[in-house]
$ cat input-v7.cif   # mmCIF, C-alpha atoms
data_my_file
loop_
_atom_site.label_atom_id
_atom_site.label_comp_id
_atom_site.auth_asym_id
_atom_site.auth_seq_id
_atom_site.Cartn_x
_atom_site.Cartn_y
_atom_site.Cartn_z
CA MET Q 1 271.65 143.57 333.38
CA LEU Q 2 268.19 142.36 334.26
CA LEU Q 3 266.68 139.24 332.82
CA GLN Q 4 263.37 139.68 331.10
CA VAL Q 5 260.82 136.91 331.60
CA ASN Q 6 258.64 136.02 328.60
CA LYS Q 7 255.05 135.71 329.87
CA LYS Q 8 253.48 134.90 326.50
CA GLY Q 9 253.75 131.12 327.09
CA VAL Q 10 251.70 131.30 330.27
CA SER Q 11 248.76 133.06 328.58
CA VAL Q 12 248.67 130.42 325.80
CA VAL Q 13 248.44 127.59 328.38
CA ILE Q 14 245.65 129.43 330.23
CA GLY Q 15 243.80 129.79 326.90
CA TYR Q 16 244.00 126.03 326.25
CA VAL Q 17 242.84 125.22 329.78
CA LEU Q 18 239.85 127.55 329.37
CA LEU Q 19 239.05 126.04 325.95
CA ILE Q 20 239.06 122.49 327.36
CA ALA Q 21 236.96 123.53 330.39
CA ILE Q 22 234.37 125.26 328.19
CA SER Q 23 234.12 122.25 325.87
CA ILE Q 24 233.60 119.88 328.83
CA VAL Q 25 230.85 122.10 330.26
CA MET Q 26 229.18 122.34 326.83
CA SER Q 27 229.29 118.55 326.35
CA VAL Q 28 227.69 117.99 329.77
CA LEU Q 29 224.91 120.46 328.93
CA VAL Q 30 224.26 118.86 325.51
CA TYR Q 31 224.21 115.38 327.09
CA GLN Q 32 221.66 116.45 329.69
CA TRP Q 33 219.51 118.06 327.00
CA LEU Q 34 219.64 114.98 324.71
CA LYS Q 35 218.75 112.67 327.60
CA THR Q 36 215.28 114.21 327.66
CA TYR Q 37 214.59 112.84 324.15
CA VAL Q 38 215.26 109.20 325.07
CA PRO Q 39 212.23 107.41 326.57
CA THR Q 40 212.87 106.18 330.08
CA GLU Q 41 210.30 103.38 330.06
CA THR Q 42 209.77 100.80 327.37
CA LEU Q 43 206.27 100.26 326.04
CA GLU Q 44 204.81 96.94 327.08
CA CYS Q 45 201.54 95.19 326.52
CA PRO Q 46 199.16 94.92 329.45
CA GLU Q 47 199.79 91.80 331.49
CA ASP Q 48 196.45 90.18 330.61
CA THR Q 49 197.07 90.26 326.84
CA SER Q 50 196.88 86.69 325.60
CA VAL Q 51 196.16 84.67 322.47
CA PHE Q 52 196.28 80.98 321.81
CA ILE Q 53 196.54 78.93 318.66
CA LYS Q 54 193.10 77.38 318.29
CA GLU Q 55 194.14 75.48 315.18
CA ALA Q 56 197.35 75.15 313.20
CA SER Q 57 197.13 72.88 310.17
CA TYR Q 58 200.16 72.35 307.97
CA ASP Q 59 199.77 70.69 304.59
CA CYS Q 60 203.35 69.76 303.74
CA ILE Q 61 202.41 68.52 300.26
CA ALA Q 62 200.56 71.68 299.16
CA LYS Q 63 202.92 73.75 301.37
CA THR Q 64 200.19 75.77 303.07
CA LEU Q 65 199.91 76.70 306.71
CA THR Q 66 196.56 77.70 308.20
CA VAL Q 67 196.61 79.32 311.64
CA THR Q 68 193.53 80.26 313.68
CA LEU Q 69 194.26 82.53 316.63
CA GLN Q 70 191.80 83.12 319.42
CA ASN Q 71 191.98 86.00 321.87
CA ASN Q 72 191.60 84.63 325.36
CA GLY Q 73 192.95 87.70 327.16
CA LYS Q 74 191.36 90.89 328.40
CA PHE Q 75 192.78 93.24 325.75
CA SER Q 76 192.38 93.47 321.99
CA VAL Q 77 195.22 92.52 319.65
CA GLY Q 78 196.11 94.23 316.37
CA GLY Q 79 198.19 91.51 314.71
CA PHE Q 80 201.14 89.21 315.26
CA PHE Q 81 204.67 88.24 314.34
CA ILE Q 82 204.99 84.68 313.08
CA HIS Q 83 208.17 82.66 312.87
CA SER Q 84 208.80 79.02 312.15
CA SER Q 85 211.52 76.44 312.53
CA THR Q 86 212.59 73.42 310.53
CA ASN Q 87 214.51 72.00 313.48
CA SER Q 88 212.78 69.24 315.44
CA ASN Q 89 214.34 70.44 318.72
CA LEU Q 90 211.56 72.36 320.48
CA ASP Q 91 214.09 74.35 322.50
CA SER Q 92 215.45 75.94 319.34
CA ILE Q 93 214.61 79.47 318.31
CA ALA Q 94 212.13 79.87 315.46
CA THR Q 95 214.00 82.07 312.98
CA ILE Q 96 212.08 81.76 309.70
CA ASP Q 97 209.83 84.80 309.23
CA LEU Q 98 206.55 83.68 307.66
CA SER Q 99 204.74 87.04 307.62
CA SER Q 100 205.74 87.79 304.01
CA LYS Q 101 204.13 84.48 302.93
CA LEU Q 102 200.61 85.54 303.99
CA THR Q 103 197.97 84.84 301.32
CA SER Q 104 194.78 85.70 303.26
CA GLY Q 105 193.59 86.69 306.70
CA GLY Q 106 195.40 89.96 307.30
CA VAL Q 107 197.69 92.60 305.86
CA ILE Q 108 201.48 92.35 305.65
CA GLU Q 109 203.19 95.31 307.30
CA GLY Q 110 206.97 94.98 307.51
CA ASN Q 111 207.65 91.70 309.27
CA SER Q 112 204.23 91.43 310.91
CA VAL Q 113 200.65 90.49 310.03
CA LEU Q 114 198.04 93.10 310.93
CA TYR Q 115 194.27 92.69 311.10
CA GLY Q 116 193.66 96.32 310.15
CA GLU Q 117 195.41 99.65 310.00
CA VAL Q 118 196.10 100.99 313.49
CA VAL Q 119 193.21 98.94 314.90
CA ASN Q 120 193.20 96.22 317.55
CA ALA Q 121 190.68 94.08 315.66
CA LEU Q 122 191.10 90.75 317.47
CA THR Q 123 188.93 91.50 320.48
CA PRO Q 124 188.28 89.30 323.51
CA GLU Q 125 184.53 89.42 322.88
CA TYR Q 126 182.69 86.87 320.75
CA PRO Q 127 182.31 86.78 317.66
CA ASN Q 128 185.47 88.83 316.93
CA ASN Q 129 187.72 86.77 319.16
CA GLU Q 130 189.27 84.55 316.48
CA LYS Q 131 190.93 85.13 313.11
CA THR Q 132 192.30 82.70 310.54
CA SER Q 133 195.38 83.42 308.42
CA ILE Q 134 196.76 81.31 305.57
CA PHE Q 135 200.41 81.21 304.53
CA ASP Q 136 202.00 79.85 301.35
CA VAL Q 137 205.28 78.24 302.42
CA THR Q 138 206.32 76.67 299.10
CA SER Q 139 209.69 78.45 299.14
CA TYR Q 140 210.90 76.37 302.10
CA GLY Q 141 212.40 73.07 301.03
CA SER Q 142 212.42 71.58 304.51
CA THR Q 143 209.34 70.60 306.47
CA LEU Q 144 208.28 73.13 309.10
CA THR Q 145 208.22 71.64 312.58
CA GLU Q 146 206.88 74.43 314.78
CA ILE Q 147 205.53 77.97 314.73
CA GLU Q 148 205.98 80.80 317.20
CA ILE Q 149 203.49 83.66 317.37
CA ILE Q 150 204.03 86.93 319.23
CA PRO Q 151 200.92 89.15 319.36
CA LEU Q 152 201.16 92.91 318.90
CA ARG Q 153 198.93 95.80 319.91
CA PHE Q 154 198.42 99.42 318.97
CA GLN Q 155 198.66 101.59 322.08
CA GLU Q 156 198.26 105.32 322.61
CA GLU Q 157 201.41 106.94 324.02
CA ASP Q 158 201.87 110.72 324.14
CA ASN Q 159 198.87 111.17 321.77
CA ARG Q 160 200.48 108.88 319.16
CA LYS Q 161 199.56 105.33 318.16
CA ARG Q 162 202.51 103.00 318.66
CA VAL Q 163 203.00 99.33 317.84
CA VAL Q 164 203.90 97.27 320.89
CA SER Q 165 205.20 93.71 320.74
CA CYS Q 166 203.64 91.46 323.37
CA SER Q 167 206.62 89.17 323.86
CA ASN Q 168 205.26 88.14 327.26
CA ALA Q 169 202.27 86.55 325.44
CA GLU Q 170 204.27 84.44 322.98
CA VAL Q 171 202.75 81.07 321.98
CA ARG Q 172 204.37 78.07 320.28
CA GLU Q 173 202.84 75.11 318.52
CA SER Q 174 204.36 71.95 317.06
CA LEU Q 175 203.37 71.19 313.48
CA THR Q 176 202.63 67.84 311.92
CA CYS Q 177 202.07 67.18 308.24
CA LEU Q 178 198.55 66.59 307.01
CA GLN Q 179 198.60 63.71 304.54
#
$ encode --input "input-v7.cif" --output "structure tokens"
Amino acid sequence: MLLQVNKKGVSVVIGYVLLIAISIVMSVLVYQWLKTYVPTETLECPEDTSVFIKEASYDCIAKTLTVTLQNNGKFSVGGFFIHSSTNSNLDSIATIDLSSKLTSGGVIEGNSVLYGEVVNALTPEYPNNEKTSIFDVTSYGSTLTEIEIIPLRFQEEDNRKRVVSCSNAEVRESLTCLQ
């Protein structure tokens, strides 16, 4: 009597091995394809983008903050992010977003203040090199001690206008109450 060997089990294992190999190859191909959609370089402002706070007056009784920014760089600026702190430690991070408290001197867009739609309106050339914005900060019970401003620009990238944060041009100013 001869023993018969069942070869069905071997073909099932080969099928699973092929299935796993095909799925690994497909995942590598999909990964390589999706990598082309992720930008390789981050957008940054030109190095000579710069603003400074010409005047920052804080009336802690009327709870208004008036900020005059002047462009002292070589490139135009389209707006800014503004944050404040109630902590007297100047090494602390300014975490209070003031952009939603804007009353005049710009347009609120998300968590930023813009000088115009998709326009870098704060130019380095006189007379358009300074803009004044006023903020109503009555909702903050504590006295504001400092502000932090990060300029932003609109830049053309792949035929599309993009907003770029100029974190390398951040400026800070201590605030004192006007009596």
$ closest_atom_pairs --input "input-v7.cif" --of "range 93-122 of chain Q" --to "range 164-176 of chain Q" --cutoff "12 Å" --atoms "all atoms listed in the file" --output "Markdown table"
| residue | atom | partner | partner_atom | distance |
| --- | --- | --- | --- | --- |
| Q:Ile93 | CA | Q:Arg172 | CA | 10.5 |
| Q:Ala94 | CA | Q:Arg172 | CA | 9.3 |
| Q:Asn111 | CA | Q:Ser165 | CA | 11.9 |
| Q:Ser112 | CA | Q:Ser165 | CA | 10.1 |
| Q:Val118 | CA | Q:Val164 | CA | 11.4 |
| Q:Asn120 | CA | Q:Val164 | CA | 11.3 |
$ closest_residue --input "input-v7.cif" --among "Q:Leu114, Q:Leu18, Q:Leu29, Q:Leu69" --to "Val51 in chain Q" --atoms "all atoms listed in the file"
Q:Leu69
$ residues_around --input "input-v7.cif" --residues "Ser84 in chain Q" --least-positions-apart "6" --cutoff "6 Å" --atoms "all atoms listed in the file" --output "ChimeraX atom specification"
/Q:94,96,146-147
$ write_last_selection --input "input-v7.cif" --atoms "C-alpha atoms" --output "PDB file, keeping the file's coordinate frame"
ATOM      1  CA  ALA Q  94     212.130  79.870 315.460  1.00  0.00           C
ATOM      2  CA  ILE Q  96     212.080  81.760 309.700  1.00  0.00           C
ATOM      3  CA  GLU Q 146     206.880  74.430 314.780  1.00  0.00           C
ATOM      4  CA  ILE Q 147     205.530  77.970 314.730  1.00  0.00           C
TER       5      ILE Q 147
END
$ closest_atom_pairs --input "input-v7.cif" --of "range 95-170 of chain Q" --to "range 73-83 of chain Q" --cutoff "8 Å" --atoms "all atoms listed in the file" --output "CSV"
residue,atom,partner,partner_atom,distance
Q:Thr95,CA,Q:His83,CA,5.9
Q:Ile96,CA,Q:His83,CA,5.1
Q:Asp97,CA,Q:His83,CA,4.5
Q:Leu98,CA,Q:His83,CA,5.6
Q:Ser99,CA,Q:Ile82,CA,6.0
Q:Asn111,CA,Q:Phe81,CA,6.8
Q:Ser112,CA,Q:Phe81,CA,4.7
Q:Val113,CA,Q:Gly79,CA,5.4
Q:Leu114,CA,Q:Gly79,CA,4.1
Q:Tyr115,CA,Q:Gly79,CA,5.5
Q:Gly116,CA,Q:Gly78,CA,7.0
Q:Val118,CA,Q:Gly78,CA,7.3
Q:Val119,CA,Q:Gly78,CA,5.7
Q:Asn120,CA,Q:Gly78,CA,3.7
Q:Ala121,CA,Q:Gly78,CA,5.5
Q:Leu122,CA,Q:Val77,CA,5.0
Q:Thr123,CA,Q:Ser76,CA,4.3
Q:Pro124,CA,Q:Lys74,CA,6.0
Q:Ile147,CA,Q:His83,CA,5.7
Q:Glu148,CA,Q:His83,CA,5.2
Q:Ile149,CA,Q:Ile82,CA,4.7
Q:Ile150,CA,Q:Phe81,CA,5.1
Q:Pro151,CA,Q:Phe80,CA,4.1
Q:Leu152,CA,Q:Phe80,CA,5.2
Q:Arg153,CA,Q:Gly78,CA,4.8
Q:Phe154,CA,Q:Gly78,CA,6.2
$ write_last_selection --input "input-v7.cif" --atoms "C-alpha atoms" --output "short mmCIF file (atom, residue, chain, number, x, y, z; two decimals), in the frame of the given file"
data_model
loop_
_atom_site.label_atom_id
_atom_site.label_comp_id
_atom_site.auth_asym_id
_atom_site.auth_seq_id
_atom_site.Cartn_x
_atom_site.Cartn_y
_atom_site.Cartn_z
CA THR Q 95 214.00 82.07 312.98
CA ILE Q 96 212.08 81.76 309.70
CA ASP Q 97 209.83 84.80 309.23
CA LEU Q 98 206.55 83.68 307.66
CA SER Q 99 204.74 87.04 307.62
CA ASN Q 111 207.65 91.70 309.27
CA SER Q 112 204.23 91.43 310.91
CA VAL Q 113 200.65 90.49 310.03
CA LEU Q 114 198.04 93.10 310.93
CA TYR Q 115 194.27 92.69 311.10
CA GLY Q 116 193.66 96.32 310.15
CA VAL Q 118 196.10 100.99 313.49
CA VAL Q 119 193.21 98.94 314.90
CA ASN Q 120 193.20 96.22 317.55
CA ALA Q 121 190.68 94.08 315.66
CA LEU Q 122 191.10 90.75 317.47
CA THR Q 123 188.93 91.50 320.48
CA PRO Q 124 188.28 89.30 323.51
CA ILE Q 147 205.53 77.97 314.73
CA GLU Q 148 205.98 80.80 317.20
CA ILE Q 149 203.49 83.66 317.37
CA ILE Q 150 204.03 86.93 319.23
CA PRO Q 151 200.92 89.15 319.36
CA LEU Q 152 201.16 92.91 318.90
CA ARG Q 153 198.93 95.80 319.91
CA PHE Q 154 198.42 99.42 318.97
#
$ residues_around --input "input-v7.cif" --residues "Ile134 in chain Q" --least-positions-apart "3" --cutoff "9 Å" --atoms "only C-alpha atoms" --output "list in words"
Thr64, Leu65, Thr66, Val67, Thr68, Lys101, Leu102, Thr103, Ser104, Gly105 and Gly106 of chain Q
$ closest_residue --input "input-v7.cif" --among "Q:Met26, Q:Asn72, Q:Tyr126, Q:Trp33" --to "Asp48 in chain Q" --atoms "only C-alpha atoms"
Q:Asn72
$ atom_distance --input "input-v7.cif" --atom1 "CA of Ser57 in chain Q" --atom2 "CA of Leu178 in chain Q"
7.2 Å
$ closest_residue --input "input-v7.cif" --among "Q:Ser100, Q:Thr143, Q:Ser92, Q:Asn71" --to "Lys131 in chain Q" --atoms "only C-alpha atoms"
Q:Asn71
$ atom_distance --input "input-v7.cif" --atom1 "CA of Ile108 in chain Q" --atom2 "CA of Asp136 in chain Q"
13.2 Å
$ closest_residue --input "input-v7.cif" --among "Q:Gln70, Q:Gln155, Q:Asn87, Q:Thr145" --to "Thr132 in chain Q" --atoms "only C-alpha atoms"
Q:Gln70
$ atom_distance --input "input-v7.cif" --atom1 "CA of Glu55 in chain Q" --atom2 "CA of Tyr140 in chain Q"
21.3 Å
$ closest_residue --input "input-v7.cif" --among "Q:Tyr58, Q:Val163, Q:Phe135, Q:Thr86" --to "Gly110 in chain Q" --atoms "only C-alpha atoms"
Q:Val163
$ axis_aligned_box --input "input-v7.cif" --around "range 56-68 of chain Q" --padding-each-side "6 Å" --output "JSON"
{"center_x": 198.4, "center_y": 74.4, "center_z": 306.4, "size_x": 21.8, "size_y": 23.7, "size_z": 26.5}
$ closest_residue --input "input-v7.cif" --among "Q:Glu125, Q:Cys60, Q:Arg162, Q:Glu156" --to "Ser139 in chain Q" --atoms "only C-alpha atoms"
Q:Cys60
$ decode --input "input-v7.cif" --residues "range 58-105 of chain Q" --atoms "N, CA and C atoms" --output "CSV table (one decimal), in the first residue's frame"
chain,number,residue,atom,x,y,z
Q,58,TYR,N,-1.3,101.6,25.4
Q,58,TYR,CA,-2.3,100.7,26.1
Q,58,TYR,C,-3.0,101.5,27.1
Q,59,ASP,N,-4.2,101.8,26.9
Q,59,ASP,CA,-5.1,102.5,27.9
Q,59,ASP,C,-5.8,101.4,28.7
Q,60,CYS,N,-5.2,101.2,29.9
Q,60,CYS,CA,-5.8,100.1,30.7
Q,60,CYS,C,-7.1,100.4,31.4
Q,61,ILE,N,-7.5,101.7,31.4
Q,61,ILE,CA,-8.8,102.1,32.0
Q,61,ILE,C,-9.9,101.9,30.9
Q,62,ALA,N,-9.6,102.5,29.7
Q,62,ALA,CA,-10.6,102.3,28.6
Q,62,ALA,C,-10.4,100.9,27.9
Q,63,LYS,N,-9.4,100.2,28.3
Q,63,LYS,CA,-9.1,98.9,27.7
Q,63,LYS,C,-9.0,98.9,26.2
Q,64,THR,N,-8.2,99.8,25.7
Q,64,THR,CA,-7.9,99.9,24.2
Q,64,THR,C,-6.4,99.8,24.0
Q,65,LEU,N,-6.0,99.1,23.0
Q,65,LEU,CA,-4.6,99.0,22.6
Q,65,LEU,C,-4.5,99.5,21.2
Q,66,THR,N,-3.6,100.5,21.0
Q,66,THR,CA,-3.3,101.1,19.7
Q,66,THR,C,-1.9,100.7,19.3
Q,67,VAL,N,-1.7,100.0,18.1
Q,67,VAL,CA,-0.4,99.6,17.7
Q,67,VAL,C,-0.1,100.2,16.3
Q,68,THR,N,1.0,100.9,16.2
Q,68,THR,CA,1.4,101.4,14.9
Q,68,THR,C,2.7,100.6,14.5
Q,69,LEU,N,2.5,99.9,13.3
Q,69,LEU,CA,3.7,99.1,12.8
Q,69,LEU,C,4.3,99.8,11.6
Q,70,GLN,N,5.6,99.8,11.6
Q,70,GLN,CA,6.3,100.4,10.4
Q,70,GLN,C,7.1,99.3,9.8
Q,71,ASN,N,7.1,99.3,8.4
Q,71,ASN,CA,7.9,98.4,7.7
Q,71,ASN,C,9.3,98.9,7.5
Q,72,ASN,N,10.3,98.3,8.1
Q,72,ASN,CA,11.6,98.7,7.9
Q,72,ASN,C,12.5,97.7,7.2
Q,73,GLY,N,11.8,96.8,6.5
Q,73,GLY,CA,12.5,95.7,5.7
Q,73,GLY,C,12.5,96.1,4.2
Q,74,LYS,N,12.8,95.1,3.4
Q,74,LYS,CA,12.9,95.3,2.0
Q,74,LYS,C,11.7,94.7,1.2
Q,75,PHE,N,10.8,94.0,2.0
Q,75,PHE,CA,9.7,93.4,1.3
Q,75,PHE,C,8.4,93.8,2.0
Q,76,SER,N,7.3,93.9,1.2
Q,76,SER,CA,6.0,94.3,1.7
Q,76,SER,C,5.4,93.2,2.6
Q,77,VAL,N,4.5,93.6,3.5
Q,77,VAL,CA,3.9,92.7,4.5
Q,77,VAL,C,2.4,92.9,4.3
Q,78,GLY,N,1.6,91.7,4.4
Q,78,GLY,CA,0.2,91.7,4.2
Q,78,GLY,C,-0.6,91.8,5.4
Q,79,GLY,N,0.0,91.6,6.6
Q,79,GLY,CA,-0.8,91.6,7.9
Q,79,GLY,C,0.1,91.1,9.0
Q,80,PHE,N,-0.5,90.6,10.1
Q,80,PHE,CA,0.2,90.2,11.2
Q,80,PHE,C,-0.6,89.3,12.1
Q,81,PHE,N,0.1,88.5,12.9
Q,81,PHE,CA,-0.5,87.8,14.0
Q,81,PHE,C,-0.2,88.6,15.3
Q,82,ILE,N,-1.1,88.8,16.2
Q,82,ILE,CA,-0.8,89.6,17.4
Q,82,ILE,C,-1.3,88.7,18.6
Q,83,HIS,N,-0.4,88.6,19.6
Q,83,HIS,CA,-0.6,87.9,20.8
Q,83,HIS,C,-0.2,88.8,22.0
Q,84,SER,N,-0.8,88.6,23.1
Q,84,SER,CA,-0.4,89.3,24.3
Q,84,SER,C,-0.2,88.4,25.5
Q,85,SER,N,0.3,89.0,26.5
Q,85,SER,CA,0.5,88.2,27.8
Q,85,SER,C,0.1,89.1,28.9
Q,86,THR,N,-0.3,88.5,30.0
Q,86,THR,CA,-0.6,89.2,31.2
Q,86,THR,C,0.4,88.9,32.3
Q,87,ASN,N,1.4,88.1,31.9
Q,87,ASN,CA,2.5,87.8,32.8
Q,87,ASN,C,3.6,88.8,32.7
Q,88,SER,N,4.1,89.2,33.8
Q,88,SER,CA,5.2,90.2,33.8
Q,88,SER,C,6.5,89.7,33.4
Q,89,ASN,N,6.7,88.4,33.4
Q,89,ASN,CA,7.9,87.7,33.0
Q,89,ASN,C,8.1,87.9,31.4
Q,90,LEU,N,9.1,88.6,31.0
Q,90,LEU,CA,9.3,88.8,29.5
Q,90,LEU,C,9.7,87.6,28.8
Q,91,ASP,N,10.2,86.6,29.5
Q,91,ASP,CA,10.6,85.3,28.8
Q,91,ASP,C,9.4,84.4,28.6
Q,92,SER,N,8.2,84.8,29.1
Q,92,SER,CA,7.0,83.9,28.9
Q,92,SER,C,6.5,84.1,27.5
Q,93,ILE,N,5.7,83.1,27.1
Q,93,ILE,CA,5.1,83.1,25.7
Q,93,ILE,C,3.8,83.8,25.8
Q,94,ALA,N,3.7,84.7,24.8
Q,94,ALA,CA,2.4,85.5,24.7
Q,94,ALA,C,1.4,84.6,24.1
Q,95,THR,N,0.3,84.2,24.8
Q,95,THR,CA,-0.7,83.2,24.3
Q,95,THR,C,-2.0,83.8,24.1
Q,96,ILE,N,-2.3,85.0,24.4
Q,96,ILE,CA,-3.6,85.6,24.3
Q,96,ILE,C,-3.7,86.2,22.8
Q,97,ASP,N,-4.6,85.6,22.0
Q,97,ASP,CA,-4.8,86.1,20.6
Q,97,ASP,C,-5.7,87.3,20.6
Q,98,LEU,N,-5.1,88.4,20.2
Q,98,LEU,CA,-5.9,89.7,20.2
Q,98,LEU,C,-6.5,90.0,18.8
Q,99,SER,N,-6.2,89.2,17.8
Q,99,SER,CA,-6.7,89.6,16.4
Q,99,SER,C,-8.2,89.7,16.4
Q,100,SER,N,-9.0,88.9,17.1
Q,100,SER,CA,-10.4,89.0,17.1
Q,100,SER,C,-11.0,90.2,17.7
Q,101,LYS,N,-10.1,91.0,18.5
Q,101,LYS,CA,-10.5,92.2,19.2
Q,101,LYS,C,-10.3,93.5,18.4
Q,102,LEU,N,-9.9,93.3,17.1
Q,102,LEU,CA,-9.6,94.5,16.2
Q,102,LEU,C,-10.9,95.3,16.0
Q,103,THR,N,-10.7,96.6,16.2
Q,103,THR,CA,-11.9,97.5,15.9
Q,103,THR,C,-11.6,98.4,14.7
Q,104,SER,N,-10.4,98.7,14.4
Q,104,SER,CA,-10.1,99.5,13.2
Q,104,SER,C,-8.6,99.2,12.8
Q,105,GLY,N,-8.4,99.5,11.5
Q,105,GLY,CA,-7.0,99.4,11.0
Q,105,GLY,C,-6.6,98.0,10.4
